[in-house]
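Here's the structure we're looking at; comments come further down.
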Amino acid sequence: MDIANPSEEHLMLREMVRDWTNEYVEPQAFEHDKHERFNLELLRSMGELGLLGISAPEEYGGAGLDATACTIVHEELSASDPGFALAYLAHSMLFVNNLAYNGTEAQKVRILPKVCSGEWIGAMAMSEPDAGTDVLGLSTTAVQQDDGTWVINGRKMWITNGCIDDTGTPADVVWVYARTGTDDRGRVQMSTFLVEAGMPGYSVGQKIFDKTGMRASNTAELVFDNCIVPADNIVGSPGESLIHMMGNLELERLTLAAMALGIARRSLDEMNKYATERTAFKSQIRDFGQMQRYIGESWAKYRAMRAYIYDTANNLTIGTAGQRLDSDGVKRFATTAAKEIADAAMQVMGGYGYVAEYHVERLWRDSKLLEIGGGTLESHQKNITRDLFKDADAINR
Ligand SMILES: Cc1cc2nc3c(=O)[nH]c(=O)nc-3n(C[C@H](O)[C@H](O)[C@H](O)COP(=O)(O)OP(=O)(O)OC[C@H]3O[C@@H](n4cnc5c(N)ncnc54)[C@H](O)[C@@H]3O)c2cc1C
């Protein structure tokens with residue numbers, strides 16, 4: 001059995017996405033990275049393939065597929081263009097999946113068909129200029145008015161798809177976390193709001209340029225200045241957000257790990273080909289022991305990542321929390337492994353590895369974000385250690 005393609009349907013999905021990626025994603029990757037441009041039309045076109053709502057139920061326009069399918073798509077896209085894959089992740093995992101599993105029926109009926117087709121582009125806004133890892137340290141507030149509407153004030157930072165072009169056009173809809181009070185034990189009460197383009201007081205503060213990597217995705221600061229949101233746009237009841245956030249973070253971390261796997265696979269492929277083509281001292285460089293060390297160790301790491309990621313994917317039930325030990329575990333392991341494999345590829349490829357035309361330079365830069373976004377390495381270490389305290393038996397199961 002192939003753990004990464006556990007059924008015929010999974011294999012067909014992989015082949016379809018790989019072919020599509022080779023035809024449409026690969027030819028544009030270099031230019032979009034170079035010019036820090038997000039390929040909005042390419043992302044929209046994934047709606048026709050049924051991939052934008054990959055995990056959303058079919059009755060709302062989604063494909064109703066599982067965590068393994070989500071993992072396959074992220075791996076395949078990222079093997080070609082991690083920046084584009086990140087924009088896809090922000091839309092399909094951070095927005096669409098969140099809404100599909102946590103939204104009200106009315107919200108799902110109204111919004112899911114639009115985001116599954118690509119008519120609307122979505123984003124998720126949790127991080128702020130002064131609060132990232134410390135999620136409950138957020139300062140964006142939402143206060144309910146007498147007429148039932150909510151007024152949001154604050155800024156969100158680092159939001160993928162926060163703007164969809166270079167002129168400050170905001171995402172069509174954003175999943176925004178805001179502070180709505182404190183509970184009886186004095187803990188921050190966090191709530192989720194669906195903020196839509198055109199709502200008064202919602203705007204893009206800036207598109208963030210000059211990122212190290214993931215330059216083919218747009219990252220923005222969002223401003224909520226007395227932003228008025230209708231009563232129907234709160235998700236669930238006030239204070240319920242932590243539950244939404246925790247469940248969705250598990251799928252987010254798994255698919256970020258899948259992106260790392262795509263980077264690792266492509267880097268390995270590039271270094272392996274190069275080691276055959278390149279000669280020095282009248283030998284293929286793959287005959288040199290030091291080159292063999294880079295290739296051999298990268299292969300072993302790649303296979304270990306692949307096994308752990310797909311084992312986690314095959315056991316992860318979307319929409320339920322409680323699988324954090326492995327969603328954090330795979331992201332902790334795979335992101336650093338991808339960075340190391342991209343680095344090994346660059347070393348094997350010498351000067352050619354250092355320039356954009358040979359791909360690994362871009363993969364090397366892109367890989368670093370995966371150690372930060374969606375939870376830093378340090379937050380995964382803390383979560384794993386905390387969870388192993390609560391469930392020490394996980395080690396011997
Ligand atoms: C390109 C890009 C895209 C992103 N996309 C999104 C998005 O779409 N939506 C969104 O909401 N956010 C997004 N983010 C934000 C990302 O999730 C945060 O950057 C990340 O969570 C870290 O938060 P921070 O940058 O505020 O760093 P901080 O939280 O300030 O951390 C700084 C350092 O301190 C360490 N640290 C913090 N607390 C502790 C602790 N208790 N113990 C030990 N070490 C600690 C961290 O591990 C880190 O090394 C994106 C970021 C980038 C760069």
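As shown in the structure tokens, the chain order sets the letters A, B, ...; within each chain, residues go from 1, and ligands are also counted from 1 in the order they appear.
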| task | Produce as a PyMOL selection string the set of residues near ligand 1, where near means within 6 Å with only C-alpha atoms and all ligand atoms considered. | result | chain A and resi 90+124-127+131-134+158-160+219+372-376+378-379
Generate a file of the selected residues that holds C-alpha atoms, formatted as a PDB file, in the first residue's frame.
ATOM      1  CA  ALA A  90      -5.076  30.732   2.776  1.00  0.00           C
ATOM      2  CA  MET A 124      -8.061  34.556   7.512  1.00  0.00           C
ATOM      3  CA  ALA A 125      -6.891  37.281   9.901  1.00  0.00           C
ATOM      4  CA  MET A 126      -5.594  36.197  13.263  1.00  0.00           C
ATOM      5  CA  SER A 127      -2.149  37.825  13.596  1.00  0.00           C
ATOM      6  CA  ALA A 131       0.382  39.689  18.717  1.00  0.00           C
ATOM      7  CA  GLY A 132       1.237  36.558  16.760  1.00  0.00           C
ATOM      8  CA  THR A 133       2.102  33.494  18.830  1.00  0.00           C
ATOM      9  CA  ASP A 134       0.353  35.128  21.773  1.00  0.00           C
ATOM     10  CA  TRP A 158       0.743  39.399   7.684  1.00  0.00           C
ATOM     11  CA  ILE A 159      -2.555  38.369   6.117  1.00  0.00           C
ATOM     12  CA  THR A 160      -2.114  36.099   3.080  1.00  0.00           C
ATOM     13  CA  THR A 219       0.676  39.498   2.303  1.00  0.00           C
ATOM     14  CA  ILE A 372       7.196  30.730  11.123  1.00  0.00           C
ATOM     15  CA  GLY A 373       3.706  30.932   9.583  1.00  0.00           C
ATOM     16  CA  GLY A 374       0.807  28.973  11.063  1.00  0.00           C
ATOM     17  CA  GLY A 375       2.779  28.601  14.293  1.00  0.00           C
ATOM     18  CA  THR A 376       6.501  28.946  14.921  1.00  0.00           C
ATOM     19  CA  GLU A 378       8.865  27.057  19.213  1.00  0.00           C
ATOM     20  CA  SER A 379       5.080  26.957  19.532  1.00  0.00           C
TER      21      SER A 379
END
| said: Could you go through region 76-198 of chain A and tell me which residues DSSP, when run on the backbone, assigns to alpha helix (DSSP H), listing them as a PyMOL selection string? | reply: chain A and resi 76-78+82-89+98-102+105-117
| task | Just the residues within 8 Å of Leu99 (chain A), please, counting only C-alpha atoms, with nothing from its chain fewer than 6 positions along; format it as a PyMOL selection string. | result | chain A and resi 107-108+112
| request: Please identify all polymer residues within 8 Å of Val330 (chain A), counting only C-alpha atoms, omitting same-chain residues fewer than 4 positions from it, and present them as a PyMOL selection string. | output: chain A and resi 253-254+257+305+308-309+312+326+334
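Of the listed residues A:Asn272, A:Ser283, A:Thr149, A:Ser327, the one whose atoms come nearest to Ala342 (chain A) is A:Asn272, with distances taken using only C-alpha atoms.
Near Val235 (chain A), within 10 Å and counting only C-alpha atoms, sit A:Leu99, A:Asn102, A:Gly103, A:Thr104, A:Gln107, A:Trp175, A:Val176, A:Tyr177, A:Ser191, A:Thr192, A:Phe193, A:Leu194, A:Glu240, A:Ser241, A:His244, not including residues fewer than 5 positions from it in the same chain.
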| message | Just want the 9 Å neighbourhood of Asp66 (chain A), counted on only C-alpha atoms, with same-chain residues fewer than 4 positions away dropped. Output as a ChimeraX atom specification. | response | /A:54-55,70-71,313-314,316-318
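Using only C-alpha atoms for every distance, the candidate list A:Asn22, A:Thr180, A:Gln206, A:Asn153 yields A:Gln206 as the residue closest to Asn218 (chain A).
Using only C-alpha atoms, the shortest contact distance between Lys114 (chain A) and any of A:Glu15, A:Glu361, A:Asp172, A:Glu371 is found at A:Asp172.
Here CA of Arg324 (chain A) is placed at a distance of 6.0 Å from CA of Glu250 (chain A).
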| message | Give me, as a list in words, all polymer residues having an atom no more than 10 Å from Thr141 (chain A), counting only C-alpha atoms and skipping those fewer than 6 positions away in the same chain. | response | Trp150, Val151, Ile152, Asn153, Gly154, Arg155, Tyr177, Ala178, Arg179, Thr180, Gly181, Met190, Ser191, Phe224 and Asn226 of chain A
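Nearest residue to Thr336 (chain A), choosing from A:Tyr294, A:Phe95, A:Phe281, A:Tyr302 and counting only C-alpha atoms: A:Tyr302.
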